>>> print(open('coords13.pdb').read())   # PDB, C-alpha atoms, pLDDT in the B column
ATOM      1  CA  MET A  21     114.323  84.245 106.669  1.00 54.00           C
ATOM      2  CA  ASP A  22     112.674  85.184 103.338  1.00 72.00           C
ATOM      3  CA  ASP A  23     109.609  87.408 103.073  1.00 73.00           C
ATOM      4  CA  GLU A  24     107.152  84.549 102.539  1.00 79.00           C
ATOM      5  CA  ALA A  25     108.378  82.668 105.613  1.00 85.00           C
ATOM      6  CA  ALA A  26     108.269  85.882 107.643  1.00 85.00           C
ATOM      7  CA  LEU A  27     104.676  86.565 106.580  1.00 88.00           C
ATOM      8  CA  ASP A  28     103.680  82.992 107.436  1.00 90.00           C
ATOM      9  CA  ARG A  29     105.183  83.435 110.888  1.00 91.00           C
ATOM     10  CA  LEU A  30     103.364  86.738 111.323  1.00 91.00           C
ATOM     11  CA  ALA A  31     100.077  85.178 110.187  1.00 91.00           C
ATOM     12  CA  ARG A  32     100.493  82.322 112.642  1.00 92.00           C
ATOM     13  CA  TRP A  33     101.106  84.774 115.491  1.00 93.00           C
ATOM     14  CA  LEU A  34      97.993  86.771 114.543  1.00 92.00           C
ATOM     15  CA  ILE A  35      95.918  83.573 114.585  1.00 91.00           C
ATOM     16  CA  ASP A  36      97.412  82.109 117.759  1.00 92.00           C
ATOM     17  CA  GLN A  37      97.106  85.394 119.673  1.00 93.00           C
ATOM     18  CA  ARG A  38      93.881  86.611 118.088  1.00 92.00           C
ATOM     19  CA  ALA A  39      92.008  86.940 121.384  1.00 93.00           C
ATOM     20  CA  THR A  40      94.775  89.014 122.967  1.00 94.00           C
ATOM     21  CA  ILE A  41      95.456  91.155 119.895  1.00 95.00           C
ATOM     22  CA  ASP A  42      91.720  91.625 119.188  1.00 96.00           C
ATOM     23  CA  ILE A  43      92.001  93.483 115.900  1.00 96.00           C
ATOM     24  CA  PRO A  44      88.187  93.647 115.435  1.00 96.00           C
ATOM     25  CA  GLY A  45      87.933  95.290 118.843  1.00 96.00           C
ATOM     26  CA  HIS A  46      90.100  98.146 117.609  1.00 97.00           C
ATOM     27  CA  VAL A  47      88.020  98.764 114.485  1.00 97.00           C
ATOM     28  CA  THR A  48      85.089 101.095 115.112  1.00 97.00           C
ATOM     29  CA  VAL A  49      82.341 100.993 112.483  1.00 96.00           C
ATOM     30  CA  ARG A  50      79.419 103.392 112.594  1.00 94.00           C
ATOM     31  CA  THR A  51      76.512 103.674 110.192  1.00 88.00           C
ATOM     32  CA  ALA A  52      74.445 106.826 110.021  1.00 82.00           C
ATOM     33  CA  ALA A  53      71.758 108.145 107.703  1.00 73.00           C
ATOM     34  CA  GLY A  54      73.193 110.406 105.020  1.00 66.00           C
ATOM     35  CA  ALA A  55      71.468 112.795 102.642  1.00 61.00           C
ATOM     36  CA  TYR A  56      70.835 110.048 100.077  1.00 68.00           C
ATOM     37  CA  ARG A  57      71.834 106.768 101.749  1.00 73.00           C
ATOM     38  CA  ALA A  58      73.309 105.248 104.889  1.00 76.00           C
ATOM     39  CA  GLU A  59      76.982 106.108 105.317  1.00 87.00           C
ATOM     40  CA  THR A  60      79.528 103.822 106.960  1.00 93.00           C
ATOM     41  CA  THR A  61      82.391 105.415 108.842  1.00 95.00           C
ATOM     42  CA  VAL A  62      85.432 103.478 110.030  1.00 97.00           C
ATOM     43  CA  ALA A  63      87.879 104.674 112.683  1.00 97.00           C
ATOM     44  CA  ILE A  64      91.077 102.912 113.771  1.00 98.00           C
ATOM     45  CA  ASP A  65      93.817 103.948 116.165  1.00 97.00           C
ATOM     46  CA  HIS A  66      95.646 100.887 117.446  1.00 97.00           C
ATOM     47  CA  LEU A  67      99.158 100.301 118.746  1.00 96.00           C
ATOM     48  CA  LEU A  68      99.945  96.718 117.758  1.00 96.00           C
ATOM     49  CA  LEU A  69     102.904  95.451 119.755  1.00 94.00           C
ATOM     50  CA  SER A  70     105.141  92.812 118.218  1.00 90.00           C
ATOM     51  CA  PRO A  71     107.150  89.880 119.610  1.00 91.00           C
ATOM     52  CA  PHE A  72     109.500  89.885 116.616  1.00 89.00           C
ATOM     53  CA  ALA A  73     113.070  91.123 116.899  1.00 80.00           C
ATOM     54  CA  ALA A  74     112.902  93.091 113.654  1.00 80.00           C
ATOM     55  CA  HIS A  75     109.702  94.948 114.614  1.00 86.00           C
ATOM     56  CA  ASP A  76     108.678  96.207 118.028  1.00 87.00           C
ATOM     57  CA  GLY A  77     105.259  97.270 116.854  1.00 93.00           C
ATOM     58  CA  TRP A  78     103.084  99.322 114.522  1.00 96.00           C
ATOM     59  CA  ARG A  79     100.592 102.151 114.906  1.00 96.00           C
ATOM     60  CA  ILE A  80      97.576 101.545 112.680  1.00 97.00           C
ATOM     61  CA  SER A  81      95.503 104.652 112.063  1.00 97.00           C
ATOM     62  CA  THR A  82      92.841 106.163 109.841  1.00 97.00           C
ATOM     63  CA  LYS A  83      94.045 109.650 110.762  1.00 95.00           C
ATOM     64  CA  PRO A  84      94.966 111.565 107.562  1.00 92.00           C
ATOM     65  CA  THR A  85      98.725 111.317 107.167  1.00 94.00           C
ATOM     66  CA  PHE A  86     101.232 113.001 104.875  1.00 93.00           C
ATOM     67  CA  LEU A  87     103.136 110.601 102.623  1.00 95.00           C
ATOM     68  CA  PRO A  88     106.575 111.875 101.523  1.00 94.00           C
ATOM     69  CA  SER A  89     107.181 111.858  97.774  1.00 95.00           C
ATOM     70  CA  GLU A  90     110.561 110.227  98.342  1.00 94.00           C
ATOM     71  CA  HIS A  91     108.834 107.257  99.994  1.00 95.00           C
ATOM     72  CA  PHE A  92     105.630 106.739  97.989  1.00 96.00           C
ATOM     73  CA  SER A  93     104.534 107.065  94.370  1.00 94.00           C
ATOM     74  CA  SER A  94     102.450 110.026  93.246  1.00 95.00           C
ATOM     75  CA  GLN A  95      99.574 107.668  92.385  1.00 93.00           C
ATOM     76  CA  ALA A  96      99.583 106.116  95.861  1.00 94.00           C
ATOM     77  CA  ARG A  97      99.745 109.511  97.562  1.00 95.00           C
ATOM     78  CA  PHE A  98      96.848 110.827  95.471  1.00 95.00           C
ATOM     79  CA  ARG A  99      94.658 107.770  95.982  1.00 93.00           C
ATOM     80  CA  LEU A 100      95.053 107.720  99.755  1.00 95.00           C
ATOM     81  CA  LYS A 101      94.608 111.478 100.098  1.00 94.00           C
ATOM     82  CA  SER A 102      91.388 111.432  98.073  1.00 93.00           C
ATOM     83  CA  ALA A 103      89.994 108.174  99.472  1.00 91.00           C
ATOM     84  CA  GLY A 104      87.433 109.712 101.793  1.00 79.00           C
ATOM     85  CA  THR A 105      89.418 110.414 104.928  1.00 79.00           C
ATOM     86  CA  ALA A 106      86.366 111.647 106.818  1.00 85.00           C
ATOM     87  CA  ARG A 107      84.937 108.111 106.563  1.00 92.00           C
ATOM     88  CA  GLY A 108      88.187 106.273 107.269  1.00 95.00           C
ATOM     89  CA  ARG A 109      88.720 104.913 103.761  1.00 96.00           C
ATOM     90  CA  ALA A 110      92.503 105.236 104.001  1.00 97.00           C
ATOM     91  CA  ILE A 111      94.575 103.399 106.606  1.00 98.00           C
ATOM     92  CA  TYR A 112      98.232 103.940 107.438  1.00 97.00           C
ATOM     93  CA  CYS A 113     100.799 101.686 109.090  1.00 97.00           C
ATOM     94  CA  HIS A 114     103.438 103.573 111.071  1.00 96.00           C
ATOM     95  CA  GLU A 115     106.446 101.777 112.467  1.00 92.00           C
ATOM     96  CA  ARG A 116     106.543 102.360 116.195  1.00 89.00           C
ATOM     97  CA  THR A 117     110.292 102.988 116.429  1.00 83.00           C
ATOM     98  CA  ALA A 118     111.005 104.765 113.146  1.00 80.00           C
ATOM     99  CA  LEU A 119     107.849 106.894 113.453  1.00 82.00           C
ATOM    100  CA  GLU A 120     107.334 106.754 109.708  1.00 91.00           C
ATOM    101  CA  VAL A 121     104.711 105.258 107.434  1.00 96.00           C
ATOM    102  CA  VAL A 122     105.822 101.940 105.951  1.00 96.00           C
ATOM    103  CA  ALA A 123     102.600 101.162 104.052  1.00 97.00           C
ATOM    104  CA  GLY A 124      99.110 102.459 103.437  1.00 97.00           C
ATOM    105  CA  LEU A 125      95.961 101.375 101.680  1.00 96.00           C
ATOM    106  CA  SER A 126      92.650 102.746 100.508  1.00 96.00           C
ATOM    107  CA  TYR A 127      89.425 100.794 100.120  1.00 96.00           C
ATOM    108  CA  HIS A 128      85.846 101.149  98.971  1.00 95.00           C
ATOM    109  CA  ILE A 129      82.570  99.986 100.502  1.00 95.00           C
ATOM    110  CA  ASP A 130      79.906  99.866  97.821  1.00 93.00           C
ATOM    111  CA  ASP A 131      76.257 100.585  98.534  1.00 91.00           C
ATOM    112  CA  ASN A 132      75.426  97.173  97.065  1.00 93.00           C
ATOM    113  CA  PRO A 133      75.562  94.769 100.048  1.00 92.00           C
ATOM    114  CA  GLY A 134      76.447  91.926  97.670  1.00 93.00           C
ATOM    115  CA  PHE A 135      79.735  93.565  96.699  1.00 96.00           C
ATOM    116  CA  PRO A 136      82.893  92.777  98.664  1.00 96.00           C
ATOM    117  CA  VAL A 137      84.991  95.360 100.452  1.00 97.00           C
ATOM    118  CA  LEU A 138      87.390  96.416  97.707  1.00 96.00           C
ATOM    119  CA  ILE A 139      90.960  97.570  98.262  1.00 96.00           C
ATOM    120  CA  THR A 140      91.654 100.225  95.646  1.00 94.00           C
ATOM    121  CA  MET A 141      95.307 100.942  96.435  1.00 94.00           C
ATOM    122  CA  ILE A 142      98.089  99.316  98.412  1.00 95.00           C
ATOM    123  CA  ALA A 143     100.776 101.926  98.951  1.00 95.00           C
ATOM    124  CA  PHE A 144     104.124 100.181  99.178  1.00 94.00           C
ATOM    125  CA  ARG A 145     107.304 102.121  99.800  1.00 94.00           C
ATOM    126  CA  THR A 146     109.142 102.942  96.592  1.00 92.00           C
ATOM    127  CA  ASP A 147     112.543 103.703  98.159  1.00 90.00           C
ATOM    128  CA  ILE A 148     113.419 100.039  98.664  1.00 83.00           C
ATOM    129  CA  ALA A 149     115.746  99.650  95.648  1.00 80.00           C
ATOM    130  CA  SER A 150     117.647  96.387  96.229  1.00 79.00           C
ATOM    131  CA  ASN A 151     117.266  96.821 100.006  1.00 86.00           C
ATOM    132  CA  ALA A 152     115.796  93.523 101.227  1.00 87.00           C
ATOM    133  CA  TYR A 153     115.060  94.788 104.725  1.00 86.00           C
ATOM    134  CA  LEU A 154     113.150  97.856 103.531  1.00 88.00           C
ATOM    135  CA  ARG A 155     111.176  95.645 101.148  1.00 89.00           C
ATOM    136  CA  HIS A 156     110.330  93.373 104.059  1.00 90.00           C
ATOM    137  CA  ARG A 157     109.196  96.346 106.177  1.00 91.00           C
ATOM    138  CA  THR A 158     106.737  97.656 103.609  1.00 94.00           C
ATOM    139  CA  LEU A 159     105.411  94.169 102.798  1.00 94.00           C
ATOM    140  CA  VAL A 160     104.817  93.460 106.480  1.00 94.00           C
ATOM    141  CA  GLY A 161     103.132  96.845 106.899  1.00 95.00           C
ATOM    142  CA  ALA A 162     100.738  96.091 104.041  1.00 96.00           C
ATOM    143  CA  PHE A 163     100.037  92.636 105.443  1.00 95.00           C
ATOM    144  CA  ILE A 164      99.211  94.126 108.845  1.00 96.00           C
ATOM    145  CA  LEU A 165      96.858  96.687 107.289  1.00 97.00           C
ATOM    146  CA  LYS A 166      95.009  93.976 105.400  1.00 96.00           C
ATOM    147  CA  GLN A 167      93.998  92.353 108.674  1.00 96.00           C
ATOM    148  CA  TYR A 168      92.009  95.444 109.625  1.00 97.00           C
ATOM    149  CA  ILE A 169      90.158  95.413 106.290  1.00 97.00           C
ATOM    150  CA  HIS A 170      89.175  91.788 106.925  1.00 96.00           C
ATOM    151  CA  ALA A 171      87.752  92.986 110.244  1.00 96.00           C
ATOM    152  CA  VAL A 172      85.819  95.792 108.512  1.00 97.00           C
ATOM    153  CA  SER A 173      84.419  93.285 106.002  1.00 96.00           C
ATOM    154  CA  GLU A 174      83.297  90.994 108.806  1.00 95.00           C
ATOM    155  CA  LYS A 175      81.741  93.789 110.863  1.00 95.00           C
ATOM    156  CA  ILE A 176      79.610  95.128 108.028  1.00 95.00           C
ATOM    157  CA  GLY A 177      78.446  91.677 106.951  1.00 94.00           C
ATOM    158  CA  ARG A 178      80.467  91.335 103.724  1.00 95.00           C
ATOM    159  CA  GLY A 179      81.833  87.892 104.614  1.00 93.00           C
ATOM    160  CA  GLY A 180      85.275  88.705 105.978  1.00 95.00           C
ATOM    161  CA  HIS A 181      86.994  88.288 102.621  1.00 96.00           C
ATOM    162  CA  VAL A 182      88.640  91.235 100.874  1.00 97.00           C
ATOM    163  CA  ASP A 183      88.966  91.946  97.159  1.00 97.00           C
ATOM    164  CA  LEU A 184      91.674  93.948  95.434  1.00 96.00           C
ATOM    165  CA  ASP A 185      91.378  96.011  92.265  1.00 94.00           C
ATOM    166  CA  LEU A 186      95.026  96.023  91.199  1.00 91.00           C
ATOM    167  CA  ALA A 187      95.752  98.745  88.682  1.00 83.00           C
ATOM    168  CA  ALA A 188      99.553  98.462  88.722  1.00 80.00           C
ATOM    169  CA  ARG A 189     100.361  95.020  87.315  1.00 82.00           C
ATOM    170  CA  ASN A 190     103.987  95.337  88.433  1.00 83.00           C
ATOM    171  CA  GLN A 191     102.654  95.010  91.995  1.00 87.00           C
ATOM    172  CA  GLU A 192     101.049  91.647  91.326  1.00 92.00           C
ATOM    173  CA  PRO A 193     103.971  89.692  92.885  1.00 91.00           C
ATOM    174  CA  TYR A 194     103.516  91.694  96.095  1.00 90.00           C
ATOM    175  CA  ALA A 195      99.768  91.026  96.091  1.00 93.00           C
ATOM    176  CA  ARG A 196     100.401  87.307  95.638  1.00 93.00           C
ATOM    177  CA  GLU A 197     102.837  87.341  98.555  1.00 91.00           C
ATOM    178  CA  LEU A 198     100.150  88.954 100.689  1.00 92.00           C
ATOM    179  CA  GLY A 199      97.875  86.014  99.935  1.00 92.00           C
ATOM    180  CA  PHE A 200      95.656  87.391  97.163  1.00 95.00           C
ATOM    181  CA  ARG A 201      94.486  85.009  94.457  1.00 95.00           C
ATOM    182  CA  ASN A 202      92.291  85.397  91.367  1.00 96.00           C
ATOM    183  CA  ALA A 203      88.826  86.469  92.444  1.00 96.00           C
ATOM    184  CA  PRO A 204      85.571  84.870  91.326  1.00 95.00           C
ATOM    185  CA  LYS A 205      83.421  87.024  89.101  1.00 94.00           C
ATOM    186  CA  VAL A 206      81.029  89.224  91.071  1.00 95.00           C
ATOM    187  CA  LYS A 207      77.846  90.129  89.192  1.00 93.00           C
ATOM    188  CA  GLY A 208      77.725  93.834  88.474  1.00 94.00           C
ATOM    189  CA  LEU A 209      81.250  94.539  89.744  1.00 93.00           C
ATOM    190  CA  ARG A 210      83.614  95.845  87.072  1.00 92.00           C
ATOM    191  CA  PRO A 211      87.097  96.400  88.497  1.00 90.00           C
ATOM    192  CA  GLY A 212      89.403  98.629  86.483  1.00 90.00           C
ATOM    193  CA  GLY A 213      92.436  96.379  86.960  1.00 91.00           C
ATOM    194  CA  LEU A 214      93.282  92.825  87.936  1.00 94.00           C
ATOM    195  CA  HIS A 215      90.595  91.473  90.267  1.00 96.00           C
ATOM    196  CA  LEU A 216      92.025  89.484  93.182  1.00 96.00           C
ATOM    197  CA  ARG A 217      90.611  88.151  96.443  1.00 97.00           C
ATOM    198  CA  GLN A 218      91.929  87.169  99.855  1.00 95.00           C
ATOM    199  CA  GLU A 219      89.625  84.800 101.674  1.00 93.00           C
ATOM    200  CA  ALA A 220      89.209  85.073 105.417  1.00 87.00           C
ATOM    201  CA  SER A 221      91.119  82.457 107.371  1.00 63.00           C
ATOM    202  CA  PRO A 222      88.991  79.589 108.726  1.00 47.00           C
ATOM    203  CA  ALA A 223      90.570  80.216 112.130  1.00 39.00           C
ATOM    204  CA  GLN A 224      90.203  83.985 112.115  1.00 37.00           C
ATOM    205  CA  ASP A 225      88.997  86.560 109.626  1.00 38.00           C
ATOM    206  CA  SER A 226      92.339  88.358 109.835  1.00 35.00           C
ATOM    207  CA  GLY A 227      94.500  85.379 108.931  1.00 41.00           C
ATOM    208  CA  ARG A 228      96.501  84.998 105.743  1.00 47.00           C
ATOM    209  CA  GLY A 229      94.149  82.349 104.455  1.00 46.00           C
ATOM    210  CA  GLY A 230      94.612  80.675 101.093  1.00 35.00           C
TER
END
>>> encode(input="coords13.pdb", output="structure tokens")
Amino acid sequence: MDDEAALDRLARWLIDQRATIDIPGHVTVRTAAGAYRAETTVAIDHLLLSPFAAHDGWRISTKPTFLPSEHFSSQARFRLKSAGTARGRAIYCHERTALEVVAGLSYHIDDNPGFPVLITMIAFRTDIASNAYLRHRTLVGAFILKQYIHAVSEKIGRGGHVDLDLAARNQEPYARELGFRNAPKVKGLRPGGLHLRQEASPAQDSGRGG
């Protein structure tokens, strides 16, 4: 089974079992008054069990996590470490069996309520060189993480869709596989890289969508 077919199967499972899996129920969003503005804090700690033979589950967490240099690029490690860990702006996907991080991402919530939730980095594994299974693992991990960002977007009233500011153009094929497409122009938003969007699924905000 190729990666695209595997992601479609995973997306279908997430939609069909959405009530049981309840990703939004495992995303805690709190808003409190800060020194200058309201501050949104996100916390996630969820063991997502899997029915698939290749994966028995994933631990999704906003807990600050060390990323080995042999597994992730220096840019990805820096972006996730400096993303605002106290407010849950970096999320990590740990494989349940291997007990290692297979993907991570960082995101930004702008003060402007008209701006979408913006993923600023998707940290794919870099040690996958011509290893199809390892590539599949990190792609699946990123896909899983994206579902939680859709839930954040929905909970804070940003529409459920998620935008991506893609700085590394060599990762565009991965982003397309995850379901991202060219984003509409958002007034006042000036991404530094390629601006992409993943719409929320009509059936569930955490689906793969179009």
>>> residues_around(input="coords13.pdb", residues="region 22-28 of chain A", least_positions_apart="4", cutoff="8 Å", atoms="all atoms listed in the file", output="PyMOL selection string")
chain A and resi 32+156+159-160+163+197-198+228
>>> resolve_selection(input="coords13.pdb", expression="the PyMOL selection byres ((chain A and resi 107-118) around 6)", output="PDB file with C-alpha atoms, in the frame of the given file")
ATOM      1  CA  THR A  61      82.391 105.415 108.842  1.00 95.00           C
ATOM      2  CA  VAL A  62      85.432 103.478 110.030  1.00 97.00           C
ATOM      3  CA  ALA A  63      87.879 104.674 112.683  1.00 97.00           C
ATOM      4  CA  GLY A  77     105.259  97.270 116.854  1.00 93.00           C
ATOM      5  CA  TRP A  78     103.084  99.322 114.522  1.00 96.00           C
ATOM      6  CA  ARG A  79     100.592 102.151 114.906  1.00 96.00           C
ATOM      7  CA  ILE A  80      97.576 101.545 112.680  1.00 97.00           C
ATOM      8  CA  SER A  81      95.503 104.652 112.063  1.00 97.00           C
ATOM      9  CA  THR A  82      92.841 106.163 109.841  1.00 97.00           C
ATOM     10  CA  LEU A 100      95.053 107.720  99.755  1.00 95.00           C
ATOM     11  CA  ALA A 103      89.994 108.174  99.472  1.00 91.00           C
ATOM     12  CA  GLY A 104      87.433 109.712 101.793  1.00 79.00           C
ATOM     13  CA  THR A 105      89.418 110.414 104.928  1.00 79.00           C
ATOM     14  CA  ALA A 106      86.366 111.647 106.818  1.00 85.00           C
ATOM     15  CA  LEU A 119     107.849 106.894 113.453  1.00 82.00           C
ATOM     16  CA  GLU A 120     107.334 106.754 109.708  1.00 91.00           C
ATOM     17  CA  VAL A 121     104.711 105.258 107.434  1.00 96.00           C
ATOM     18  CA  VAL A 122     105.822 101.940 105.951  1.00 96.00           C
ATOM     19  CA  ALA A 123     102.600 101.162 104.052  1.00 97.00           C
ATOM     20  CA  GLY A 124      99.110 102.459 103.437  1.00 97.00           C
ATOM     21  CA  LEU A 125      95.961 101.375 101.680  1.00 96.00           C
ATOM     22  CA  SER A 126      92.650 102.746 100.508  1.00 96.00           C
ATOM     23  CA  TYR A 127      89.425 100.794 100.120  1.00 96.00           C
ATOM     24  CA  GLY A 161     103.132  96.845 106.899  1.00 95.00           C
TER      25      GLY A 161
END
>>> residues_around(input="coords13.pdb", residues="region 129-134 of chain A", least_positions_apart="2", cutoff="10 Å", atoms="only C-alpha atoms", output="number ranges by chain")
A: 57-61, 109, 127, 136-139, 172-173, 176-179, 206-209
>>> closest_residue(input="coords13.pdb", among="A:Arg145, A:His91, A:Lys101, A:Lys175", to="Ile43 (chain A)", atoms="only C-alpha atoms")
A:Lys175
>>> residues_near_point(input="coords13.pdb", point="(99.7, 98.5, 87.3)", cutoff="12 Å", atoms="all atoms listed in the file", output="PyMOL selection string")
chain A and resi 95-96+140-142+185-195+212-215
>>> closest_residue(input="coords13.pdb", among="A:Phe144, A:Leu184, A:Phe86, A:Ile41", to="Leu68 (chain A)", atoms="all atoms listed in the file")
A:Ile41
>>> atom_distance(input="coords13.pdb", atom1="CA of Val49 (chain A)", atom2="CA of Glu174 (chain A)")
10.7 Å
>>> atom_distance(input="coords13.pdb", atom1="CA of Pro71 (chain A)", atom2="CA of Gly199 (chain A)")
22.1 Å
>>> build_atoms(input="coords13.pdb", residues="region 32-60 of chain A", atoms="N, CA and C atoms", output="PDB file, in the coordinates of the input")
ATOM      1  N   ARG A  32     100.707  83.298 111.583  1.00 92.00           N
ATOM      2  CA  ARG A  32     100.493  82.322 112.642  1.00 92.00           C
ATOM      3  C   ARG A  32     100.359  83.015 113.992  1.00 92.00           C
ATOM      4  N   TRP A  33     101.190  84.022 114.231  1.00 93.00           N
ATOM      5  CA  TRP A  33     101.106  84.774 115.491  1.00 93.00           C
ATOM      6  C   TRP A  33      99.745  85.467 115.601  1.00 93.00           C
ATOM      7  N   LEU A  34      99.281  86.082 114.516  1.00 92.00           N
ATOM      8  CA  LEU A  34      97.993  86.771 114.543  1.00 92.00           C
ATOM      9  C   LEU A  34      96.851  85.806 114.840  1.00 92.00           C
ATOM     10  N   ILE A  35      96.950  84.579 114.329  1.00 91.00           N
ATOM     11  CA  ILE A  35      95.918  83.573 114.585  1.00 91.00           C
ATOM     12  C   ILE A  35      96.022  83.051 116.012  1.00 91.00           C
ATOM     13  N   ASP A  36      97.234  82.686 116.429  1.00 92.00           N
ATOM     14  CA  ASP A  36      97.412  82.109 117.759  1.00 92.00           C
ATOM     15  C   ASP A  36      97.055  83.090 118.869  1.00 92.00           C
ATOM     16  N   GLN A  37      97.329  84.371 118.654  1.00 93.00           N
ATOM     17  CA  GLN A  37      97.106  85.394 119.673  1.00 93.00           C
ATOM     18  C   GLN A  37      95.893  86.275 119.366  1.00 93.00           C
ATOM     19  N   ARG A  38      94.979  85.768 118.555  1.00 92.00           N
ATOM     20  CA  ARG A  38      93.881  86.611 118.088  1.00 92.00           C
ATOM     21  C   ARG A  38      93.055  87.203 119.223  1.00 92.00           C
ATOM     22  N   ALA A  39      92.832  86.429 120.284  1.00 93.00           N
ATOM     23  CA  ALA A  39      92.008  86.940 121.384  1.00 93.00           C
ATOM     24  C   ALA A  39      92.712  88.089 122.107  1.00 93.00           C
ATOM     25  N   THR A  40      94.012  87.966 122.285  1.00 94.00           N
ATOM     26  CA  THR A  40      94.775  89.014 122.967  1.00 94.00           C
ATOM     27  C   THR A  40      94.930  90.248 122.086  1.00 94.00           C
ATOM     28  N   ILE A  41      95.250  90.035 120.817  1.00 95.00           N
ATOM     29  CA  ILE A  41      95.456  91.155 119.895  1.00 95.00           C
ATOM     30  C   ILE A  41      94.137  91.872 119.618  1.00 95.00           C
ATOM     31  N   ASP A  42      93.074  91.110 119.370  1.00 96.00           N
ATOM     32  CA  ASP A  42      91.720  91.625 119.188  1.00 96.00           C
ATOM     33  C   ASP A  42      91.654  92.757 118.161  1.00 96.00           C
ATOM     34  N   ILE A  43      92.076  92.468 116.949  1.00 96.00           N
ATOM     35  CA  ILE A  43      92.001  93.483 115.900  1.00 96.00           C
ATOM     36  C   ILE A  43      90.572  93.994 115.691  1.00 96.00           C
ATOM     37  N   PRO A  44      89.546  93.121 115.612  1.00 96.00           N
ATOM     38  CA  PRO A  44      88.187  93.647 115.435  1.00 96.00           C
ATOM     39  C   PRO A  44      87.771  94.623 116.541  1.00 96.00           C
ATOM     40  N   GLY A  45      88.277  94.404 117.740  1.00 96.00           N
ATOM     41  CA  GLY A  45      87.933  95.290 118.843  1.00 96.00           C
ATOM     42  C   GLY A  45      88.520  96.681 118.716  1.00 96.00           C
ATOM     43  N   HIS A  46      89.478  96.836 117.832  1.00 97.00           N
ATOM     44  CA  HIS A  46      90.100  98.146 117.609  1.00 97.00           C
ATOM     45  C   HIS A  46      89.635  98.793 116.316  1.00 97.00           C
ATOM     46  N   VAL A  47      88.618  98.207 115.698  1.00 97.00           N
ATOM     47  CA  VAL A  47      88.020  98.764 114.485  1.00 97.00           C
ATOM     48  C   VAL A  47      86.609  99.231 114.831  1.00 97.00           C
ATOM     49  N   THR A  48      86.394 100.524 114.791  1.00 97.00           N
ATOM     50  CA  THR A  48      85.089 101.095 115.112  1.00 97.00           C
ATOM     51  C   THR A  48      84.336 101.391 113.822  1.00 97.00           C
ATOM     52  N   VAL A  49      83.171 100.790 113.672  1.00 96.00           N
ATOM     53  CA  VAL A  49      82.341 100.993 112.483  1.00 96.00           C
ATOM     54  C   VAL A  49      81.021 101.597 112.916  1.00 96.00           C
ATOM     55  N   ARG A  50      80.693 102.732 112.303  1.00 94.00           N
ATOM     56  CA  ARG A  50      79.419 103.392 112.594  1.00 94.00           C
ATOM     57  C   ARG A  50      78.671 103.628 111.296  1.00 94.00           C
ATOM     58  N   THR A  51      77.364 103.424 111.350  1.00 88.00           N
ATOM     59  CA  THR A  51      76.512 103.674 110.192  1.00 88.00           C
ATOM     60  C   THR A  51      75.469 104.712 110.570  1.00 88.00           C
ATOM     61  N   ALA A  52      75.398 105.751 109.755  1.00 82.00           N
ATOM     62  CA  ALA A  52      74.445 106.826 110.021  1.00 82.00           C
ATOM     63  C   ALA A  52      73.720 107.187 108.727  1.00 82.00           C
ATOM     64  N   ALA A  53      72.530 107.738 108.867  1.00 73.00           N
ATOM     65  CA  ALA A  53      71.758 108.145 107.703  1.00 73.00           C
ATOM     66  C   ALA A  53      72.398 109.365 107.058  1.00 73.00           C
ATOM     67  N   GLY A  54      72.665 109.274 105.760  1.00 66.00           N
ATOM     68  CA  GLY A  54      73.193 110.406 105.020  1.00 66.00           C
ATOM     69  C   GLY A  54      72.089 111.089 104.242  1.00 66.00           C
ATOM     70  N   ALA A  55      72.462 112.050 103.411  1.00 61.00           N
ATOM     71  CA  ALA A  55      71.468 112.795 102.642  1.00 61.00           C
ATOM     72  C   ALA A  55      70.729 111.887 101.660  1.00 61.00           C
ATOM     73  N   TYR A  56      71.439 110.906 101.088  1.00 68.00           N
ATOM     74  CA  TYR A  56      70.835 110.048 100.077  1.00 68.00           C
ATOM     75  C   TYR A  56      70.844 108.567 100.463  1.00 68.00           C
ATOM     76  N   ARG A  57      71.712 108.187 101.388  1.00 73.00           N
ATOM     77  CA  ARG A  57      71.834 106.768 101.749  1.00 73.00           C
ATOM     78  C   ARG A  57      72.556 106.670 103.093  1.00 73.00           C
ATOM     79  N   ALA A  58      72.563 105.476 103.651  1.00 76.00           N
ATOM     80  CA  ALA A  58      73.309 105.248 104.889  1.00 76.00           C
ATOM     81  C   ALA A  58      74.806 105.329 104.601  1.00 76.00           C
ATOM     82  N   GLU A  59      75.547 105.941 105.495  1.00 87.00           N
ATOM     83  CA  GLU A  59      76.982 106.108 105.317  1.00 87.00           C
ATOM     84  C   GLU A  59      77.732 105.375 106.424  1.00 87.00           C
ATOM     85  N   THR A  60      78.719 104.589 106.018  1.00 93.00           N
ATOM     86  CA  THR A  60      79.528 103.822 106.960  1.00 93.00           C
ATOM     87  C   THR A  60      80.843 104.540 107.195  1.00 93.00           C
TER      88      THR A  60
END
